$ cat model.cif   # mmCIF, C-alpha atoms, pLDDT in the B column; chains and numbers go by the auth columns
data_upload
loop_
_atom_site.group_PDB
_atom_site.id
_atom_site.type_symbol
_atom_site.label_atom_id
_atom_site.label_comp_id
_atom_site.label_asym_id
_atom_site.label_seq_id
_atom_site.Cartn_x
_atom_site.Cartn_y
_atom_site.Cartn_z
_atom_site.B_iso_or_equiv
_atom_site.auth_seq_id
_atom_site.auth_asym_id
ATOM 1 C CA MET A 1 36.373 18.738 33.170 48.00 1 L
ATOM 2 C CA MET A 2 36.489 20.525 36.514 49.00 2 L
ATOM 3 C CA GLY A 3 38.424 23.779 36.577 54.00 3 L
ATOM 4 C CA GLN A 4 40.501 25.020 39.420 56.00 4 L
ATOM 5 C CA THR A 5 37.501 26.432 41.190 61.00 5 L
ATOM 6 C CA ARG A 6 36.047 23.219 42.441 64.00 6 L
ATOM 7 C CA GLU A 7 32.283 23.222 42.693 65.00 7 L
ATOM 8 C CA ARG A 8 31.301 21.132 45.696 72.00 8 L
ATOM 9 C CA ARG A 9 27.604 21.433 45.202 75.00 9 L
ATOM 10 C CA PRO A 10 26.140 18.418 43.328 73.00 10 L
ATOM 11 C CA THR A 11 24.499 19.473 40.071 73.00 11 L
ATOM 12 C CA ASN A 12 21.854 17.811 37.982 73.00 12 L
ATOM 13 C CA ILE A 13 22.515 17.022 34.348 73.00 13 L
ATOM 14 C CA ASP A 14 19.633 17.878 32.060 74.00 14 L
ATOM 15 C CA MET A 15 18.698 15.514 29.223 71.00 15 L
ATOM 16 C CA GLY A 16 20.116 17.858 26.567 75.00 16 L
ATOM 17 C CA SER A 17 23.635 18.036 27.915 76.00 17 L
ATOM 18 C CA LEU A 18 23.558 14.321 28.778 74.00 18 L
ATOM 19 C CA PHE A 19 24.309 13.525 25.144 76.00 19 L
ATOM 20 C CA ALA A 20 27.381 15.786 25.146 77.00 20 L
ATOM 21 C CA TYR A 21 29.178 13.145 27.221 79.00 21 L
ATOM 22 C CA GLN A 22 30.932 10.272 25.562 81.00 22 L
ATOM 23 C CA PHE A 23 29.535 7.169 27.187 86.00 23 L
ATOM 24 C CA PRO A 24 31.896 4.315 28.035 88.00 24 L
ATOM 25 C CA LEU A 25 31.088 1.077 26.217 91.00 25 L
ATOM 26 C CA PRO A 26 29.783 -0.746 29.331 91.00 26 L
ATOM 27 C CA ALA A 27 27.259 2.096 29.741 92.00 27 L
ATOM 28 C CA VAL A 28 26.102 1.642 26.148 92.00 28 L
ATOM 29 C CA THR A 29 25.694 -2.145 26.499 94.00 29 L
ATOM 30 C CA SER A 30 23.861 -1.576 29.779 93.00 30 L
ATOM 31 C CA ILE A 31 21.255 0.794 28.322 94.00 31 L
ATOM 32 C CA LEU A 32 20.905 -1.509 25.290 95.00 32 L
ATOM 33 C CA HIS A 33 20.156 -4.329 27.753 96.00 33 L
ATOM 34 C CA ARG A 34 17.225 -2.299 29.087 96.00 34 L
ATOM 35 C CA ILE A 35 16.015 -1.232 25.646 96.00 35 L
ATOM 36 C CA SER A 36 16.224 -4.770 24.254 97.00 36 L
ATOM 37 C CA GLY A 37 14.296 -6.072 27.257 97.00 37 L
ATOM 38 C CA LEU A 38 11.538 -3.531 26.648 96.00 38 L
ATOM 39 C CA ILE A 39 11.420 -4.459 22.941 97.00 39 L
ATOM 40 C CA VAL A 40 11.067 -8.172 23.735 97.00 40 L
ATOM 41 C CA PHE A 41 8.282 -7.379 26.227 97.00 41 L
ATOM 42 C CA LEU A 42 6.411 -5.367 23.583 97.00 42 L
ATOM 43 C CA MET A 43 6.857 -8.232 21.108 97.00 43 L
ATOM 44 C CA ILE A 44 5.502 -10.970 23.417 97.00 44 L
ATOM 45 C CA PRO A 45 2.043 -10.786 21.735 97.00 45 L
ATOM 46 C CA LEU A 46 3.686 -11.317 18.333 96.00 46 L
ATOM 47 C CA LEU A 47 5.676 -14.308 19.598 97.00 47 L
ATOM 48 C CA LEU A 48 2.551 -15.798 21.208 97.00 48 L
ATOM 49 C CA TRP A 49 0.602 -15.273 17.980 97.00 49 L
ATOM 50 C CA ILE A 50 3.351 -17.131 16.090 97.00 50 L
ATOM 51 C CA LEU A 51 3.237 -19.950 18.662 96.00 51 L
ATOM 52 C CA ASP A 52 -0.549 -20.100 18.386 96.00 52 L
ATOM 53 C CA GLN A 53 -0.538 -20.197 14.577 96.00 53 L
ATOM 54 C CA SER A 54 2.252 -22.775 14.481 96.00 54 L
ATOM 55 C CA LEU A 55 0.409 -25.192 16.773 95.00 55 L
ATOM 56 C CA SER A 56 -3.310 -24.719 16.030 94.00 56 L
ATOM 57 C CA SER A 57 -3.583 -26.778 12.847 94.00 57 L
ATOM 58 C CA LEU A 58 -1.741 -27.793 9.701 95.00 58 L
ATOM 59 C CA ASP A 59 -3.594 -25.033 7.848 96.00 59 L
ATOM 60 C CA SER A 60 -2.529 -22.286 10.234 96.00 60 L
ATOM 61 C CA PHE A 61 1.026 -23.690 10.256 96.00 61 L
ATOM 62 C CA GLU A 62 1.234 -23.329 6.478 96.00 62 L
ATOM 63 C CA GLN A 63 -0.447 -19.925 6.571 96.00 63 L
ATOM 64 C CA LEU A 64 2.164 -18.807 9.068 96.00 64 L
ATOM 65 C CA GLN A 65 4.993 -20.002 6.808 94.00 65 L
ATOM 66 C CA GLU A 66 3.490 -18.027 3.939 94.00 66 L
ATOM 67 C CA CYS A 67 2.932 -14.961 6.126 93.00 67 L
ATOM 68 C CA MET A 68 6.524 -15.108 7.390 93.00 68 L
ATOM 69 C CA SER A 69 8.032 -15.297 3.898 92.00 69 L
ATOM 70 C CA GLY A 70 7.525 -11.582 3.236 93.00 70 L
ATOM 71 C CA PHE A 71 10.369 -9.135 3.819 94.00 71 L
ATOM 72 C CA VAL A 72 8.599 -6.936 6.372 95.00 72 L
ATOM 73 C CA ALA A 73 7.490 -9.918 8.478 95.00 73 L
ATOM 74 C CA LYS A 74 10.991 -11.424 8.361 96.00 74 L
ATOM 75 C CA PHE A 75 12.546 -8.101 9.280 96.00 75 L
ATOM 76 C CA ILE A 76 10.267 -7.629 12.308 97.00 76 L
ATOM 77 C CA LEU A 77 10.939 -11.197 13.461 96.00 77 L
ATOM 78 C CA TRP A 78 14.675 -10.714 12.889 97.00 78 L
ATOM 79 C CA GLY A 79 14.650 -7.510 14.954 97.00 79 L
ATOM 80 C CA THR A 80 12.692 -9.155 17.768 97.00 80 L
ATOM 81 C CA LEU A 81 14.921 -12.235 17.918 97.00 81 L
ATOM 82 C CA SER A 82 18.074 -10.107 17.690 97.00 82 L
ATOM 83 C CA ALA A 83 16.843 -8.070 20.666 97.00 83 L
ATOM 84 C CA LEU A 84 16.038 -11.294 22.528 97.00 84 L
ATOM 85 C CA PHE A 85 19.506 -12.755 21.927 97.00 85 L
ATOM 86 C CA TYR A 86 21.212 -9.461 22.769 97.00 86 L
ATOM 87 C CA HIS A 87 19.278 -9.449 26.048 97.00 87 L
ATOM 88 C CA LEU A 88 20.243 -13.070 26.686 97.00 88 L
ATOM 89 C CA ILE A 89 23.959 -12.550 25.952 97.00 89 L
ATOM 90 C CA ALA A 90 24.139 -9.358 28.034 96.00 90 L
ATOM 91 C CA GLY A 91 22.284 -11.251 30.780 96.00 91 L
ATOM 92 C CA VAL A 92 24.831 -14.073 30.768 96.00 92 L
ATOM 93 C CA LYS A 93 27.549 -11.417 31.150 95.00 93 L
ATOM 94 C CA HIS A 94 25.631 -10.103 34.153 93.00 94 L
ATOM 95 C CA LEU A 95 25.588 -13.569 35.736 94.00 95 L
ATOM 96 C CA ILE A 96 29.316 -13.997 35.086 94.00 96 L
ATOM 97 C CA MET A 97 30.013 -10.617 36.704 94.00 97 L
ATOM 98 C CA ASP A 98 27.821 -11.638 39.666 92.00 98 L
ATOM 99 C CA MET A 99 30.272 -14.490 40.219 92.00 99 L
ATOM 100 C CA GLY A 100 32.983 -11.882 40.620 91.00 100 L
ATOM 101 C CA ILE A 101 34.581 -12.344 37.197 92.00 101 L
ATOM 102 C CA GLY A 102 35.532 -9.211 35.263 89.00 102 L
ATOM 103 C CA GLU A 103 34.216 -6.762 37.821 88.00 103 L
ATOM 104 C CA ASP A 104 37.089 -4.264 37.531 90.00 104 L
ATOM 105 C CA LEU A 105 37.231 -1.468 34.961 90.00 105 L
ATOM 106 C CA SER A 106 39.233 -3.303 32.304 91.00 106 L
ATOM 107 C CA GLY A 107 37.174 -6.475 32.829 92.00 107 L
ATOM 108 C CA ALA A 108 33.965 -4.492 32.331 92.00 108 L
ATOM 109 C CA ARG A 109 35.314 -3.068 29.050 93.00 109 L
ATOM 110 C CA VAL A 110 36.364 -6.492 27.775 94.00 110 L
ATOM 111 C CA GLY A 111 32.993 -7.923 28.797 94.00 111 L
ATOM 112 C CA ALA A 112 31.128 -5.169 26.968 95.00 112 L
ATOM 113 C CA TRP A 113 33.158 -5.793 23.810 96.00 113 L
ATOM 114 C CA ILE A 114 32.501 -9.544 23.973 96.00 114 L
ATOM 115 C CA VAL A 115 28.752 -8.900 24.384 96.00 115 L
ATOM 116 C CA LEU A 116 28.703 -6.571 21.363 96.00 116 L
ATOM 117 C CA VAL A 117 30.724 -8.885 19.111 97.00 117 L
ATOM 118 C CA LEU A 118 28.743 -11.998 20.097 97.00 118 L
ATOM 119 C CA SER A 119 25.365 -10.309 19.630 97.00 119 L
ATOM 120 C CA ILE A 120 26.287 -8.836 16.224 97.00 120 L
ATOM 121 C CA PHE A 121 27.468 -12.310 15.201 97.00 121 L
ATOM 122 C CA THR A 122 24.192 -13.827 16.467 96.00 122 L
ATOM 123 C CA ALA A 123 22.144 -11.200 14.608 96.00 123 L
ATOM 124 C CA LEU A 124 23.992 -12.084 11.396 97.00 124 L
ATOM 125 C CA LEU A 125 23.370 -15.813 11.988 96.00 125 L
ATOM 126 C CA LEU A 126 19.667 -15.102 12.595 95.00 126 L
ATOM 127 C CA GLY A 127 19.554 -13.153 9.344 95.00 127 L
ATOM 128 C CA ALA A 128 21.180 -16.028 7.463 95.00 128 L
ATOM 129 C CA TRP A 129 18.718 -18.473 9.055 93.00 129 L
ATOM 130 C CA LEU A 130 15.654 -16.375 8.173 92.00 130 L
ATOM 131 C CA TRP A 131 16.629 -15.474 4.601 89.00 131 L
ATOM 132 C CA MET B 1 16.359 -2.762 54.427 45.00 1 C
ATOM 133 C CA VAL B 2 14.306 -0.620 52.103 52.00 2 C
ATOM 134 C CA THR B 3 10.990 -2.179 51.158 52.00 3 C
ATOM 135 C CA ASN B 4 8.589 -1.087 48.489 59.00 4 C
ATOM 136 C CA VAL B 5 5.067 -2.384 48.056 55.00 5 C
ATOM 137 C CA THR B 6 5.205 -2.351 44.266 57.00 6 C
ATOM 138 C CA SER B 7 8.305 -4.496 43.809 66.00 7 C
ATOM 139 C CA LEU B 8 7.830 -8.235 43.486 71.00 8 C
ATOM 140 C CA GLY B 9 9.961 -9.668 46.272 70.00 9 C
ATOM 141 C CA ARG B 10 9.262 -6.814 48.698 68.00 10 C
ATOM 142 C CA SER B 11 12.953 -5.984 48.782 77.00 11 C
ATOM 143 C CA GLY B 12 15.717 -5.253 46.316 80.00 12 C
ATOM 144 C CA LEU B 13 17.604 -8.394 47.273 85.00 13 C
ATOM 145 C CA TYR B 14 14.650 -10.684 46.512 87.00 14 C
ATOM 146 C CA ASP B 15 14.022 -8.883 43.224 88.00 15 C
ATOM 147 C CA TRP B 16 17.682 -9.386 42.374 90.00 16 C
ATOM 148 C CA MET B 17 17.383 -13.116 43.085 91.00 17 C
ATOM 149 C CA ILE B 18 14.078 -13.480 41.216 92.00 18 C
ATOM 150 C CA GLN B 19 15.544 -11.670 38.207 93.00 19 C
ATOM 151 C CA ARG B 20 18.460 -14.076 37.999 95.00 20 C
ATOM 152 C CA ALA B 21 16.638 -17.330 38.756 95.00 21 C
ATOM 153 C CA THR B 22 13.946 -16.590 36.161 96.00 22 C
ATOM 154 C CA ALA B 23 16.597 -15.483 33.646 97.00 23 C
ATOM 155 C CA VAL B 24 18.275 -18.884 33.891 97.00 24 C
ATOM 156 C CA VAL B 25 14.957 -20.712 33.331 97.00 25 C
ATOM 157 C CA VAL B 26 14.059 -18.623 30.270 97.00 26 C
ATOM 158 C CA GLY B 27 17.624 -18.809 28.947 97.00 27 C
ATOM 159 C CA VAL B 28 17.624 -22.615 29.084 98.00 28 C
ATOM 160 C CA TYR B 29 14.148 -22.692 27.484 98.00 29 C
ATOM 161 C CA VAL B 30 15.311 -20.516 24.568 97.00 30 C
ATOM 162 C CA CYS B 31 18.342 -22.781 24.096 97.00 31 C
ATOM 163 C CA VAL B 32 16.113 -25.910 24.047 97.00 32 C
ATOM 164 C CA ILE B 33 13.808 -24.380 21.394 97.00 33 C
ATOM 165 C CA VAL B 34 16.758 -23.177 19.296 96.00 34 C
ATOM 166 C CA GLY B 35 18.415 -26.592 19.626 96.00 35 C
ATOM 167 C CA PHE B 36 15.266 -28.338 18.412 97.00 36 C
ATOM 168 C CA LEU B 37 14.856 -25.948 15.467 95.00 37 C
ATOM 169 C CA LEU B 38 18.502 -26.422 14.450 94.00 38 C
ATOM 170 C CA GLN B 39 18.080 -30.205 14.547 95.00 39 C
ATOM 171 C CA HIS B 40 15.025 -29.978 12.260 94.00 40 C
ATOM 172 C CA PRO B 41 15.843 -27.619 9.364 90.00 41 C
ATOM 173 C CA ASP B 42 12.776 -28.685 7.351 90.00 42 C
ATOM 174 C CA LEU B 43 10.400 -28.724 10.252 94.00 43 C
ATOM 175 C CA SER B 44 6.983 -30.223 9.578 95.00 44 C
ATOM 176 C CA TYR B 45 3.810 -29.414 11.475 96.00 45 C
ATOM 177 C CA GLU B 46 3.610 -32.954 12.900 96.00 46 C
ATOM 178 C CA GLN B 47 7.182 -32.844 14.259 96.00 47 C
ATOM 179 C CA TRP B 48 6.669 -29.404 15.810 96.00 48 C
ATOM 180 C CA LYS B 49 3.339 -30.300 17.382 96.00 49 C
ATOM 181 C CA ALA B 50 4.632 -33.640 18.681 96.00 50 C
ATOM 182 C CA PHE B 51 7.576 -31.875 20.323 96.00 51 C
ATOM 183 C CA MET B 52 5.616 -29.015 21.910 96.00 52 C
ATOM 184 C CA THR B 53 2.779 -31.211 23.223 94.00 53 C
ATOM 185 C CA THR B 54 4.920 -33.696 25.111 95.00 54 C
ATOM 186 C CA THR B 55 4.170 -33.423 28.833 94.00 55 C
ATOM 187 C CA ALA B 56 7.744 -32.406 29.605 95.00 56 C
ATOM 188 C CA MET B 57 7.700 -29.545 27.075 95.00 57 C
ATOM 189 C CA ARG B 58 4.263 -28.373 28.203 94.00 58 C
ATOM 190 C CA ILE B 59 5.419 -28.177 31.797 95.00 59 C
ATOM 191 C CA PHE B 60 8.691 -26.522 30.780 97.00 60 C
ATOM 192 C CA SER B 61 6.784 -24.017 28.623 96.00 61 C
ATOM 193 C CA VAL B 62 4.409 -23.034 31.417 95.00 62 C
ATOM 194 C CA LEU B 63 7.325 -22.785 33.856 96.00 63 C
ATOM 195 C CA SER B 64 9.112 -20.509 31.391 97.00 64 C
ATOM 196 C CA PHE B 65 6.033 -18.317 30.893 96.00 65 C
ATOM 197 C CA ILE B 66 5.722 -17.904 34.658 96.00 66 C
ATOM 198 C CA ALA B 67 9.431 -17.007 34.727 97.00 67 C
ATOM 199 C CA VAL B 68 8.935 -14.509 31.886 97.00 68 C
ATOM 200 C CA VAL B 69 6.066 -12.821 33.741 96.00 69 C
ATOM 201 C CA ALA B 70 8.126 -12.448 36.931 96.00 70 C
ATOM 202 C CA HIS B 71 11.244 -11.376 35.011 96.00 71 C
ATOM 203 C CA VAL B 72 9.399 -8.766 32.942 96.00 72 C
ATOM 204 C CA TRP B 73 7.630 -7.444 36.020 95.00 73 C
ATOM 205 C CA VAL B 74 10.881 -6.900 37.951 94.00 74 C
ATOM 206 C CA GLY B 75 12.568 -5.409 34.872 95.00 75 C
ATOM 207 C CA LEU B 76 9.764 -3.004 33.992 94.00 76 C
ATOM 208 C CA TRP B 77 9.286 -2.066 37.622 93.00 77 C
ATOM 209 C CA THR B 78 12.985 -1.142 37.791 91.00 78 C
ATOM 210 C CA ILE B 79 12.893 0.817 34.540 93.00 79 C
ATOM 211 C CA SER B 80 9.662 2.661 35.324 93.00 80 C
ATOM 212 C CA THR B 81 10.967 3.574 38.791 90.00 81 C
ATOM 213 C CA ASP B 82 14.120 4.976 37.186 89.00 82 C
ATOM 214 C CA TYR B 83 12.591 6.944 34.338 91.00 83 C
ATOM 215 C CA ILE B 84 8.943 7.740 35.074 91.00 84 C
ATOM 216 C CA LYS B 85 8.868 10.308 37.838 90.00 85 C
ATOM 217 C CA PRO B 86 5.200 11.411 38.153 92.00 86 C
ATOM 218 C CA MET B 87 3.588 8.916 40.525 92.00 87 C
ATOM 219 C CA TRP B 88 0.259 8.662 38.700 94.00 88 C
ATOM 220 C CA LEU B 89 1.992 7.972 35.376 95.00 89 C
ATOM 221 C CA ARG B 90 4.328 5.388 36.856 94.00 90 C
ATOM 222 C CA LEU B 91 1.531 3.533 38.631 93.00 91 C
ATOM 223 C CA SER B 92 -0.598 3.640 35.457 96.00 92 C
ATOM 224 C CA PHE B 93 2.290 2.174 33.472 95.00 93 C
ATOM 225 C CA GLN B 94 2.914 -0.530 36.071 94.00 94 C
ATOM 226 C CA GLY B 95 -0.791 -1.320 36.196 95.00 95 C
ATOM 227 C CA PHE B 96 -0.907 -1.623 32.428 96.00 96 C
ATOM 228 C CA CYS B 97 2.110 -3.955 32.508 95.00 97 C
ATOM 229 C CA ALA B 98 0.531 -6.157 35.177 95.00 98 C
ATOM 230 C CA VAL B 99 -2.711 -6.532 33.201 97.00 99 C
ATOM 231 C CA ALA B 100 -0.853 -7.109 29.908 97.00 100 C
ATOM 232 C CA LEU B 101 1.396 -9.757 31.468 96.00 101 C
ATOM 233 C CA PHE B 102 -1.540 -11.565 33.038 97.00 102 C
ATOM 234 C CA MET B 103 -3.395 -11.611 29.709 97.00 103 C
ATOM 235 C CA CYS B 104 -0.318 -12.903 27.884 96.00 104 C
ATOM 236 C CA PHE B 105 0.109 -15.642 30.467 96.00 105 C
ATOM 237 C CA VAL B 106 -3.509 -16.802 30.157 97.00 106 C
ATOM 238 C CA TRP B 107 -3.203 -16.725 26.364 97.00 107 C
ATOM 239 C CA ALA B 108 0.001 -18.800 26.498 96.00 108 C
ATOM 240 C CA VAL B 109 -1.613 -21.445 28.715 95.00 109 C
ATOM 241 C CA LEU B 110 -4.655 -21.594 26.400 95.00 110 C
ATOM 242 C CA ILE B 111 -2.383 -22.081 23.370 94.00 111 C
ATOM 243 C CA LEU B 112 -0.487 -24.945 25.000 90.00 112 C
ATOM 244 C CA TRP B 113 -3.503 -26.768 26.387 85.00 113 C
ATOM 245 C CA GLY B 114 -5.714 -26.028 23.424 82.00 114 C
ATOM 246 C CA VAL B 115 -3.793 -28.306 21.067 76.00 115 C
#
$ encode --input "model.cif" --output "structure tokens"
Amino acid sequence: MMGQTRERRPTNIDMGSLFAYQFPLPAVTSILHRISGLIVFLMIPLLLWILDQSLSSLDSFEQLQECMSGFVAKFILWGTLSALFYHLIAGVKHLIMDMGIGEDLSGARVGAWIVLVLSIFTALLLGAWLW
Amino acid sequence: MVTNVTSLGRSGLYDWMIQRATAVVVGVYVCVIVGFLLQHPDLSYEQWKAFMTTTAMRIFSVLSFIAVVAHVWVGLWTISTDYIKPMWLRLSFQGFCAVALFMCFVWAVLILWGV
């Protein structure tokens, strides 16, 4: 990337040219970890509402089952749970790396691949469970 | 050591520890719920209520909600510090998160002790 005239001065990258770079996979799984965490946070009220409806009474339990049988409701729940499990799987990878396993470059790449494959598999399982 | 009044543990190291300890609690909680749901494919209201209102599950649930609040706070504090540069906007966002988390926690406790 750098030519022969080496620029020593540090330069800022603006948001536009940021996307011109090809991000390594560990960078992608890392930002997805943050995004999925934010999604789960935003969905906490939904999850609490589901918990409330499921426990309040037999009536509300059955109403919830009916409410959750529609496609849109299932899709939103599927998306939320997929984000939750992505966050959980990527988090377990974090804990494993904290123990000093897979901290080098190739280990980080392998770890990122495992996280992606496992979370796609989990999302498919969740879909099968919901539909 | 760099300290910051708005982080939870007053230092990056404590935040790092809190983030991991709470993650383990919530992770185990999710696994317990998933395990129960997998064991009961045709879950009835009575089974679900009986499970969630045992003293052990109530305590575990509240513990997990506390862990979620701490975990979300550290996570959102980190993200907002990274991405939201104007001080007033960042503090507004963090204030909103604190209020929202507190309300969610109170709601969760009311749900569990209401039934």
$ residues_around --input "model.cif" --residues "stretch 47-57 of chain C" --least-positions-apart "5" --cutoff "8 Å" --atoms "all atoms listed in the file" --output "compact mmCIF listing (two decimals) with C-alpha atoms, keeping the file's coordinate frame"
# COMPACT_ATOMS: atom_id res chain seq x y z
CA LEU L 55 0.41 -25.19 16.77
CA LEU C 112 -0.49 -24.94 25.00
CA VAL C 115 -3.79 -28.31 21.07
$ interface_residues --input "model.cif" --of "chain C" --to "chain L" --cutoff "8 Å" --atoms "only C-alpha atoms" --output "ChimeraX atom specification"
/C:20,23,27,45,48-49,72,75-76,79,104,107-108,111,114-115
$ closest_residue --input "model.cif" --among "C:Leu38, C:Val69, C:Trp113, C:Cys31" --to "C:Ala100" --atoms "all atoms listed in the file"
C:Val69
$ residues_around --input "model.cif" --residues "L:Gly111" --least-positions-apart "3" --cutoff "8 Å" --atoms "all atoms listed in the file" --output "list of chain:residue names"
L:Pro26, L:Lys93, L:Gly102, L:Gly107, L:Ala108, L:Ile114, L:Val115
$ atom_distance --input "model.cif" --atom1 "atom CA of C:Met103" --atom2 "atom CA of C:His71"
15.6 Å
$ closest_residue --input "model.cif" --among "L:Met99, L:Leu125, L:Leu32, L:Cys67" --to "L:Tyr86" --atoms "only C-alpha atoms"
L:Leu32
$ atom_distance --input "model.cif" --atom1 "atom CA of C:Val106" --atom2 "atom CA of C:Ile66"
10.3 Å
$ residues_around --input "model.cif" --residues "L:Gly127" --least-positions-apart "4" --cutoff "12 Å" --atoms "all atoms listed in the file" --output "list in words"
Phe71, Lys74, Phe75, Ile76, Leu77, Trp78, Gly79, Thr80, Leu81, Ser82, Ile120, Phe121, Thr122, Ala123 and Trp131 of chain L
$ decode --input "model.cif" --residues "stretch 75-97 of chain C" --atoms "N, CA and C atoms" --output "CSV table (one decimal), in the first residue's frame"
chain,number,residue,atom,x,y,z
C,75,GLY,N,-20.6,-3.1,28.3
C,75,GLY,CA,-20.5,-3.2,26.9
C,75,GLY,C,-20.9,-1.9,26.2
C,76,LEU,N,-22.0,-1.4,26.6
C,76,LEU,CA,-22.5,-0.1,26.0
C,76,LEU,C,-21.6,1.1,26.3
C,77,TRP,N,-21.0,1.0,27.5
C,77,TRP,CA,-20.1,2.1,27.9
C,77,TRP,C,-18.9,2.0,27.0
C,78,THR,N,-18.4,0.8,26.7
C,78,THR,CA,-17.2,0.7,25.8
C,78,THR,C,-17.6,1.1,24.4
C,79,ILE,N,-18.7,0.7,23.9
C,79,ILE,CA,-19.1,1.0,22.5
C,79,ILE,C,-19.4,2.5,22.4
C,80,SER,N,-20.1,3.1,23.4
C,80,SER,CA,-20.4,4.5,23.2
C,80,SER,C,-19.1,5.4,23.4
C,81,THR,N,-18.1,4.9,24.2
C,81,THR,CA,-16.9,5.6,24.3
C,81,THR,C,-16.1,5.6,23.0
C,82,ASP,N,-16.2,4.4,22.3
C,82,ASP,CA,-15.5,4.3,21.0
C,82,ASP,C,-16.1,5.1,19.9
C,83,TYR,N,-17.5,5.1,19.8
C,83,TYR,CA,-18.1,5.6,18.6
C,83,TYR,C,-18.8,7.0,18.8
C,84,ILE,N,-19.2,7.3,20.0
C,84,ILE,CA,-19.9,8.6,20.1
C,84,ILE,C,-18.9,9.6,20.7
C,85,LYS,N,-18.5,10.6,19.9
C,85,LYS,CA,-17.5,11.5,20.3
C,85,LYS,C,-18.0,12.7,21.0
C,86,PRO,N,-19.1,13.4,20.6
C,86,PRO,CA,-19.5,14.6,21.4
C,86,PRO,C,-19.9,14.2,22.8
C,87,MET,N,-19.4,14.8,23.8
C,87,MET,CA,-19.5,14.5,25.2
C,87,MET,C,-21.0,14.5,25.6
C,88,TRP,N,-21.8,15.5,25.2
C,88,TRP,CA,-23.2,15.6,25.6
C,88,TRP,C,-24.0,14.5,25.1
C,89,LEU,N,-23.7,14.1,23.8
C,89,LEU,CA,-24.4,13.0,23.2
C,89,LEU,C,-24.1,11.6,23.9
C,90,ARG,N,-22.8,11.5,24.2
C,90,ARG,CA,-22.4,10.2,24.8
C,90,ARG,C,-23.0,10.1,26.2
C,91,LEU,N,-22.9,11.1,27.0
C,91,LEU,CA,-23.5,11.1,28.3
C,91,LEU,C,-25.0,10.9,28.3
C,92,SER,N,-25.7,11.5,27.3
C,92,SER,CA,-27.1,11.3,27.2
C,92,SER,C,-27.4,9.9,26.9
C,93,PHE,N,-26.6,9.3,25.9
C,93,PHE,CA,-26.8,7.9,25.6
C,93,PHE,C,-26.6,7.0,26.8
C,94,GLN,N,-25.5,7.2,27.5
C,94,GLN,CA,-25.2,6.4,28.7
C,94,GLN,C,-26.3,6.6,29.8
C,95,GLY,N,-26.8,7.8,29.9
C,95,GLY,CA,-27.8,8.0,30.9
C,95,GLY,C,-29.1,7.3,30.5
C,96,PHE,N,-29.4,7.3,29.2
C,96,PHE,CA,-30.6,6.6,28.7
C,96,PHE,C,-30.4,5.1,29.0
C,97,CYS,N,-29.2,4.6,28.7
C,97,CYS,CA,-29.0,3.1,29.0
C,97,CYS,C,-29.1,2.8,30.4
